$ cat query32.pdb   # PDB, C-alpha atoms, pLDDT in the B column
ATOM      1  CA  MET T 612     106.947  76.284 113.703  1.00 34.00           C
ATOM      2  CA  LYS T 613     106.723  79.632 111.884  1.00 43.00           C
ATOM      3  CA  LYS T 614     108.922  80.344 108.881  1.00 55.00           C
ATOM      4  CA  GLN T 615     111.407  83.112 109.433  1.00 63.00           C
ATOM      5  CA  LEU T 616     112.046  85.683 106.760  1.00 67.00           C
ATOM      6  CA  ILE T 617     115.610  86.793 106.427  1.00 72.00           C
ATOM      7  CA  CYS T 618     115.530  90.232 104.838  1.00 82.00           C
ATOM      8  CA  LYS T 619     118.609  92.121 103.727  1.00 85.00           C
ATOM      9  CA  ALA T 620     118.701  95.880 104.440  1.00 89.00           C
ATOM     10  CA  ILE T 621     119.519  97.922 101.345  1.00 89.00           C
ATOM     11  CA  GLU T 622     119.910 101.510 100.196  1.00 90.00           C
ATOM     12  CA  LEU T 623     118.625 102.614  96.827  1.00 92.00           C
ATOM     13  CA  PRO T 624     121.150 104.014  94.347  1.00 92.00           C
ATOM     14  CA  ALA T 625     121.084 107.812  94.113  1.00 92.00           C
ATOM     15  CA  ASP T 626     119.823 107.699  90.508  1.00 92.00           C
ATOM     16  CA  CYS T 627     116.879 105.403  91.314  1.00 94.00           C
ATOM     17  CA  LEU T 628     113.515 106.936  90.363  1.00 95.00           C
ATOM     18  CA  LYS T 629     111.039 106.783  93.266  1.00 96.00           C
ATOM     19  CA  TYR T 630     107.249 106.664  92.966  1.00 97.00           C
ATOM     20  CA  ARG T 631     104.211 105.937  95.080  1.00 96.00           C
ATOM     21  CA  ALA T 632     100.854 104.489  94.045  1.00 93.00           C
ATOM     22  CA  ARG T 633      98.211 105.185  96.673  1.00 88.00           C
ATOM     23  CA  GLU T 634      95.542 103.030  95.004  1.00 89.00           C
ATOM     24  CA  LEU T 635      95.659 100.214  92.493  1.00 89.00           C
ATOM     25  CA  PRO T 636      92.849 100.028  89.944  1.00 88.00           C
ATOM     26  CA  GLU T 637      90.927  96.768  89.632  1.00 85.00           C
ATOM     27  CA  ASP T 638      91.369  96.564  85.857  1.00 87.00           C
ATOM     28  CA  TRP T 639      94.530  97.302  83.904  1.00 87.00           C
ATOM     29  CA  PRO T 640      94.586  98.271  80.228  1.00 88.00           C
ATOM     30  CA  PRO T 641      95.071  95.113  78.098  1.00 90.00           C
ATOM     31  CA  GLU T 642      98.048  96.645  76.265  1.00 90.00           C
ATOM     32  CA  SER T 643      99.962  96.661  79.566  1.00 90.00           C
ATOM     33  CA  ASN T 644      99.760  92.841  79.787  1.00 90.00           C
ATOM     34  CA  THR T 645     102.880  92.272  77.678  1.00 90.00           C
ATOM     35  CA  TYR T 646     104.511  95.663  78.083  1.00 92.00           C
ATOM     36  CA  PHE T 647     108.299  95.816  78.162  1.00 93.00           C
ATOM     37  CA  ARG T 648     110.920  98.471  77.704  1.00 92.00           C
ATOM     38  CA  GLU T 649     114.594  98.601  78.503  1.00 91.00           C
ATOM     39  CA  LEU T 650     115.517 100.469  81.650  1.00 93.00           C
ATOM     40  CA  ALA T 651     118.436 102.849  82.004  1.00 91.00           C
ATOM     41  CA  GLN T 652     118.084 103.054  85.789  1.00 93.00           C
ATOM     42  CA  GLY T 653     116.197 101.455  88.649  1.00 95.00           C
ATOM     43  CA  ILE T 654     112.669 102.338  89.709  1.00 96.00           C
ATOM     44  CA  SER T 655     111.260 102.028  93.206  1.00 96.00           C
ATOM     45  CA  CYS T 656     107.495 102.154  93.685  1.00 96.00           C
ATOM     46  CA  GLU T 657     105.637 101.962  96.988  1.00 96.00           C
ATOM     47  CA  VAL T 658     102.344 100.151  96.415  1.00 95.00           C
ATOM     48  CA  PRO T 659      99.437  98.976  98.554  1.00 93.00           C
ATOM     49  CA  LEU T 660      99.095  95.213  98.827  1.00 89.00           C
ATOM     50  CA  PRO T 661      95.888  93.541  97.687  1.00 86.00           C
ATOM     51  CA  ALA T 662      93.821  92.086 100.532  1.00 83.00           C
ATOM     52  CA  ASP T 663      94.481  88.508  99.362  1.00 81.00           C
ATOM     53  CA  ILE T 664      98.261  88.838  99.782  1.00 81.00           C
ATOM     54  CA  ASN T 665      99.234  88.925 103.448  1.00 78.00           C
ATOM     55  CA  ILE T 666     102.921  89.363 104.231  1.00 80.00           C
ATOM     56  CA  LEU T 667     103.298  89.637 108.009  1.00 78.00           C
ATOM     57  CA  GLY T 668     100.415  92.107 108.211  1.00 82.00           C
ATOM     58  CA  GLU T 669     102.082  94.687 105.927  1.00 86.00           C
ATOM     59  CA  ARG T 670      99.708  96.818 103.876  1.00 90.00           C
ATOM     60  CA  GLU T 671     102.328  98.428 101.609  1.00 93.00           C
ATOM     61  CA  ILE T 672     105.343  96.973  99.883  1.00 93.00           C
ATOM     62  CA  GLY T 673     108.169  98.326  97.771  1.00 95.00           C
ATOM     63  CA  ALA T 674     108.430  97.140  94.159  1.00 95.00           C
ATOM     64  CA  LEU T 675     112.065  97.490  93.080  1.00 96.00           C
ATOM     65  CA  ILE T 676     112.391  97.331  89.295  1.00 96.00           C
ATOM     66  CA  TRP T 677     115.944  96.934  87.979  1.00 95.00           C
ATOM     67  CA  PRO T 678     117.492  96.809  84.506  1.00 93.00           C
ATOM     68  CA  ASN T 679     119.031  93.444  83.759  1.00 89.00           C
ATOM     69  CA  GLU T 680     119.892  91.155  80.878  1.00 82.00           C
ATOM     70  CA  THR T 681     119.803  87.468  80.164  1.00 76.00           C
ATOM     71  CA  LYS T 682     121.281  85.139  77.573  1.00 66.00           C
ATOM     72  CA  ALA T 683     119.036  82.934  75.474  1.00 63.00           C
ATOM     73  CA  ALA T 684     120.216  79.360  74.933  1.00 60.00           C
ATOM     74  CA  MET T 685     120.677  79.790  71.185  1.00 64.00           C
ATOM     75  CA  ASN T 686     121.913  83.377  71.287  1.00 60.00           C
ATOM     76  CA  LYS T 687     125.145  84.366  72.966  1.00 68.00           C
ATOM     77  CA  SER T 688     124.440  88.117  72.977  1.00 76.00           C
ATOM     78  CA  PRO T 689     122.658  89.618  75.992  1.00 77.00           C
ATOM     79  CA  ILE T 690     118.911  90.212  75.777  1.00 80.00           C
ATOM     80  CA  PRO T 691     117.326  92.981  77.868  1.00 86.00           C
ATOM     81  CA  ALA T 692     115.336  91.856  80.894  1.00 88.00           C
ATOM     82  CA  ILE T 693     113.987  93.344  84.107  1.00 93.00           C
ATOM     83  CA  THR T 694     114.347  92.045  87.658  1.00 93.00           C
ATOM     84  CA  VAL T 695     111.562  92.839  90.140  1.00 94.00           C
ATOM     85  CA  GLN T 696     112.214  92.527  93.863  1.00 93.00           C
ATOM     86  CA  ALA T 697     109.928  93.049  96.848  1.00 92.00           C
ATOM     87  CA  ALA T 698     110.991  95.071  99.866  1.00 94.00           C
ATOM     88  CA  PHE T 699     109.562  96.005 103.223  1.00 92.00           C
ATOM     89  CA  LEU T 700     109.507  99.773 103.723  1.00 92.00           C
ATOM     90  CA  ASN T 701     110.974 101.850 106.574  1.00 87.00           C
ATOM     91  CA  PRO T 702     113.682 100.646 106.702  1.00 89.00           C
ATOM     92  CA  LEU T 703     114.033  99.233 103.203  1.00 91.00           C
ATOM     93  CA  ARG T 704     114.685  95.462 103.398  1.00 91.00           C
ATOM     94  CA  LEU T 705     114.668  92.986 100.509  1.00 91.00           C
ATOM     95  CA  LEU T 706     112.444  89.940 100.788  1.00 89.00           C
ATOM     96  CA  PRO T 707     113.805  86.609  99.518  1.00 85.00           C
ATOM     97  CA  GLY T 708     113.002  85.687  95.902  1.00 84.00           C
ATOM     98  CA  PHE T 709     112.231  87.850  92.875  1.00 88.00           C
ATOM     99  CA  SER T 710     110.506  87.815  89.508  1.00 90.00           C
ATOM    100  CA  ALA T 711     111.830  88.701  86.073  1.00 89.00           C
ATOM    101  CA  ILE T 712     110.279  90.182  82.959  1.00 91.00           C
ATOM    102  CA  SER T 713     111.642  89.030  79.615  1.00 89.00           C
ATOM    103  CA  ALA T 714     111.850  91.206  76.500  1.00 88.00           C
ATOM    104  CA  ASN T 715     108.586  89.685  75.195  1.00 88.00           C
ATOM    105  CA  GLY T 716     106.784  90.849  78.366  1.00 87.00           C
ATOM    106  CA  ASN T 717     106.479  87.416  80.010  1.00 88.00           C
ATOM    107  CA  VAL T 718     106.827  87.344  83.795  1.00 88.00           C
ATOM    108  CA  TYR T 719     108.889  84.567  85.363  1.00 85.00           C
ATOM    109  CA  TYR T 720     108.983  83.767  89.049  1.00 77.00           C
ATOM    110  CA  CYS T 721     112.385  82.971  90.530  1.00 73.00           C
ATOM    111  CA  GLY T 722     111.743  82.409  94.164  1.00 61.00           C
ATOM    112  CA  ARG T 723     111.906  80.180  97.128  1.00 57.00           C
ATOM    113  CA  ASN T 724     109.973  77.073  96.132  1.00 54.00           C
ATOM    114  CA  ASN T 725     108.337  77.772  92.723  1.00 50.00           C
ATOM    115  CA  LYS T 726     105.028  76.262  93.904  1.00 54.00           C
ATOM    116  CA  LYS T 727     103.240  79.630  94.201  1.00 51.00           C
ATOM    117  CA  THR T 728     101.418  78.471  97.328  1.00 60.00           C
ATOM    118  CA  ASP T 729     103.277  80.629  99.825  1.00 68.00           C
ATOM    119  CA  PRO T 730     102.036  84.255 100.119  1.00 71.00           C
ATOM    120  CA  LEU T 731     105.599  85.425  99.464  1.00 78.00           C
ATOM    121  CA  ASP T 732     105.687  83.459  96.220  1.00 79.00           C
ATOM    122  CA  GLU T 733     102.317  84.920  95.202  1.00 83.00           C
ATOM    123  CA  LEU T 734     103.670  88.370  96.028  1.00 87.00           C
ATOM    124  CA  HIS T 735     106.586  87.994  93.613  1.00 87.00           C
ATOM    125  CA  VAL T 736     104.361  86.852  90.756  1.00 87.00           C
ATOM    126  CA  TRP T 737     101.927  89.714  91.413  1.00 89.00           C
ATOM    127  CA  LEU T 738     104.765  92.276  91.603  1.00 92.00           C
ATOM    128  CA  GLY T 739     106.158  91.077  88.266  1.00 91.00           C
ATOM    129  CA  LEU T 740     102.762  91.667  86.654  1.00 92.00           C
ATOM    130  CA  LEU T 741     102.413  95.006  88.431  1.00 94.00           C
ATOM    131  CA  ALA T 742     105.893  96.107  87.290  1.00 95.00           C
ATOM    132  CA  ARG T 743     104.800  95.825  83.635  1.00 94.00           C
ATOM    133  CA  TYR T 744     101.826  98.037  84.473  1.00 95.00           C
ATOM    134  CA  ILE T 745     103.990 100.570  86.320  1.00 96.00           C
ATOM    135  CA  LEU T 746     106.310 100.861  83.285  1.00 96.00           C
ATOM    136  CA  PHE T 747     103.308 101.185  80.960  1.00 95.00           C
ATOM    137  CA  SER T 748     101.852 103.897  83.205  1.00 95.00           C
ATOM    138  CA  LEU T 749     105.103 105.869  83.279  1.00 95.00           C
ATOM    139  CA  ASP T 750     105.406 105.756  79.480  1.00 95.00           C
ATOM    140  CA  HIS T 751     101.702 106.189  78.630  1.00 95.00           C
ATOM    141  CA  PRO T 752     100.007 108.139  81.457  1.00 93.00           C
ATOM    142  CA  GLU T 753      97.191 109.192  79.125  1.00 93.00           C
ATOM    143  CA  ARG T 754      96.208 105.521  78.552  1.00 93.00           C
ATOM    144  CA  SER T 755      96.714 104.347  82.133  1.00 92.00           C
ATOM    145  CA  ASN T 756      94.425 104.401  85.143  1.00 91.00           C
ATOM    146  CA  LEU T 757      97.297 104.042  87.635  1.00 92.00           C
ATOM    147  CA  ALA T 758      98.128 107.304  89.405  1.00 91.00           C
ATOM    148  CA  LEU T 759     101.824 107.489  90.296  1.00 94.00           C
ATOM    149  CA  SER T 760     103.355 110.345  92.241  1.00 94.00           C
ATOM    150  CA  MET T 761     107.082 110.958  92.314  1.00 94.00           C
ATOM    151  CA  ILE T 762     108.791 110.792  95.699  1.00 91.00           C
ATOM    152  CA  SER T 763     111.459 113.424  96.212  1.00 80.00           C
ATOM    153  CA  SER T 764     114.964 112.186  96.830  1.00 62.00           C
ATOM    154  CA  GLN T 765     115.756 115.320  98.768  1.00 55.00           C
ATOM    155  CA  PRO T 766     115.642 115.121 102.558  1.00 51.00           C
ATOM    156  CA  GLY T 767     113.194 117.204 104.422  1.00 42.00           C
TER     157      GLY T 767
END

$ encode --input "query32.pdb" --output "structure tokens"
Amino acid sequence: MKKQLICKAIELPADCLKYRARELPEDWPPESNTYFRELAQGISCEVPLPADINILGEREIGALIWPNETKAAMNKSPIPAITVQAAFLNPLRLLPGFSAISANGNVYYCGRNNKKTDPLDELHVWLGLLARYILFSLDHPERSNLALSMISSQPG
């Protein structure tokens, strides 16, 4: 019996920044491996999927990168964090599960079964790593080999 994916349709907030990456480089700059910065607003980036991640035959996926915060066990004050969600495109629909990036740049998977054997689980881990690289590329385009183009929010 095939697993069914229940995907929730969503609309991006009006202030969400929208980008597209047509190609992903094979190697990322090492300084992007622990990159983190606080976000003031959400970022949506359409990205091609690597050949080894197959999600129902899709070749592109949406990486939705949201500002968030978490509380450390010993510290009651909020600590900045980032939530990364995957979405099918046209129409935009969230896939179950997500990953998170902590303030030290570590990526944590928070998904369906935490075994990382399901392609959807692998997708969330990969998107968390990619989200760090997207943020690095937006802040340091001169040191990045990821070409991002802005998608207009205006119709037409």

$ closest_residue --input "query32.pdb" --among "T:Ser688, T:Ile745, T:Thr645, T:Pro730" --to "Val718 (chain T)" --atoms "all atoms listed in the file"
T:Thr645

$ resolve_selection --input "query32.pdb" --expression "the PyMOL selection byres ((chain T and resi 673) around 8)" --output "PyMOL selection string"
chain T and resi 655-658+671-672+674-675+697-700

$ write_last_selection --input "query32.pdb" --atoms "C-alpha atoms" --output "PDB file, in the coordinates of the input"
ATOM      1  CA  SER T 655     111.260 102.028  93.206  1.00 96.00           C
ATOM      2  CA  CYS T 656     107.495 102.154  93.685  1.00 96.00           C
ATOM      3  CA  GLU T 657     105.637 101.962  96.988  1.00 96.00           C
ATOM      4  CA  VAL T 658     102.344 100.151  96.415  1.00 95.00           C
ATOM      5  CA  GLU T 671     102.328  98.428 101.609  1.00 93.00           C
ATOM      6  CA  ILE T 672     105.343  96.973  99.883  1.00 93.00           C
ATOM      7  CA  ALA T 674     108.430  97.140  94.159  1.00 95.00           C
ATOM      8  CA  LEU T 675     112.065  97.490  93.080  1.00 96.00           C
ATOM      9  CA  ALA T 697     109.928  93.049  96.848  1.00 92.00           C
ATOM     10  CA  ALA T 698     110.991  95.071  99.866  1.00 94.00           C
ATOM     11  CA  PHE T 699     109.562  96.005 103.223  1.00 92.00           C
ATOM     12  CA  LEU T 700     109.507  99.773 103.723  1.00 92.00           C
TER      13      LEU T 700
END

$ closest_residue --input "query32.pdb" --among "T:Ile690, T:Ile654, T:Leu738, T:Leu705" --to "Leu628 (chain T)" --atoms "only C-alpha atoms"
T:Ile654

$ resolve_selection --input "query32.pdb" --expression "the PyMOL selection byres ((chain T and resi 744) around 9)" --output "PyMOL selection string"
chain T and resi 639-640+643-646+740-743+745-749+755+757

$ closest_residue --input "query32.pdb" --among "T:Pro636, T:Gly668, T:Pro689, T:Pro702" --to "Ala714 (chain T)" --atoms "all atoms listed in the file"
T:Pro689

$ atom_distance --input "query32.pdb" --atom1 "CA of Asn756 (chain T)" --atom2 "CA of Ala662 (chain T)"
19.7 Å

$ residues_around --input "query32.pdb" --residues "Gly708 (chain T)" --least-positions-apart "2" --cutoff "9 Å" --atoms "only C-alpha atoms" --output "MDAnalysis selection string"
chainID T and resid 696:697 705:706 710 720:723 731:732 735

$ write_last_selection --input "query32.pdb" --atoms "C-alpha atoms" --output "PDB file, keeping the file's coordinate frame"
ATOM      1  CA  GLN T 696     112.214  92.527  93.863  1.00 93.00           C
ATOM      2  CA  ALA T 697     109.928  93.049  96.848  1.00 92.00           C
ATOM      3  CA  LEU T 705     114.668  92.986 100.509  1.00 91.00           C
ATOM      4  CA  LEU T 706     112.444  89.940 100.788  1.00 89.00           C
ATOM      5  CA  SER T 710     110.506  87.815  89.508  1.00 90.00           C
ATOM      6  CA  TYR T 720     108.983  83.767  89.049  1.00 77.00           C
ATOM      7  CA  CYS T 721     112.385  82.971  90.530  1.00 73.00           C
ATOM      8  CA  GLY T 722     111.743  82.409  94.164  1.00 61.00           C
ATOM      9  CA  ARG T 723     111.906  80.180  97.128  1.00 57.00           C
ATOM     10  CA  LEU T 731     105.599  85.425  99.464  1.00 78.00           C
ATOM     11  CA  ASP T 732     105.687  83.459  96.220  1.00 79.00           C
ATOM     12  CA  HIS T 735     106.586  87.994  93.613  1.00 87.00           C
TER      13      HIS T 735
END

$ closest_residue --input "query32.pdb" --among "T:Arg754, T:Leu623, T:Leu759, T:Pro678" --to "Pro641 (chain T)" --atoms "only C-alpha atoms"
T:Arg754

$ closest_residue --input "query32.pdb" --among "T:Pro707, T:Gly739, T:Pro691, T:Pro624" --to "Tyr719 (chain T)" --atoms "only C-alpha atoms"
T:Gly739

$ closest_residue --input "query32.pdb" --among "T:Asp663, T:Ala620, T:Phe647, T:Ala758" --to "Ala711 (chain T)" --atoms "all atoms listed in the file"
T:Phe647

$ atom_distance --input "query32.pdb" --atom1 "CA of Asn701 (chain T)" --atom2 "CA of Ser763 (chain T)"
15.5 Å

$ atom_distance --input "query32.pdb" --atom1 "CA of Gly716 (chain T)" --atom2 "CA of His751 (chain T)"
16.2 Å

$ axis_aligned_box --input "query32.pdb" --around "region 653-672 of chain T" --padding-each-side "8 Å" --output "AutoDock Vina command-line options"
--center_x 105.0 --center_y 95.4 --center_z 98.4 --size_x 38.4 --size_y 29.8 --size_z 35.6
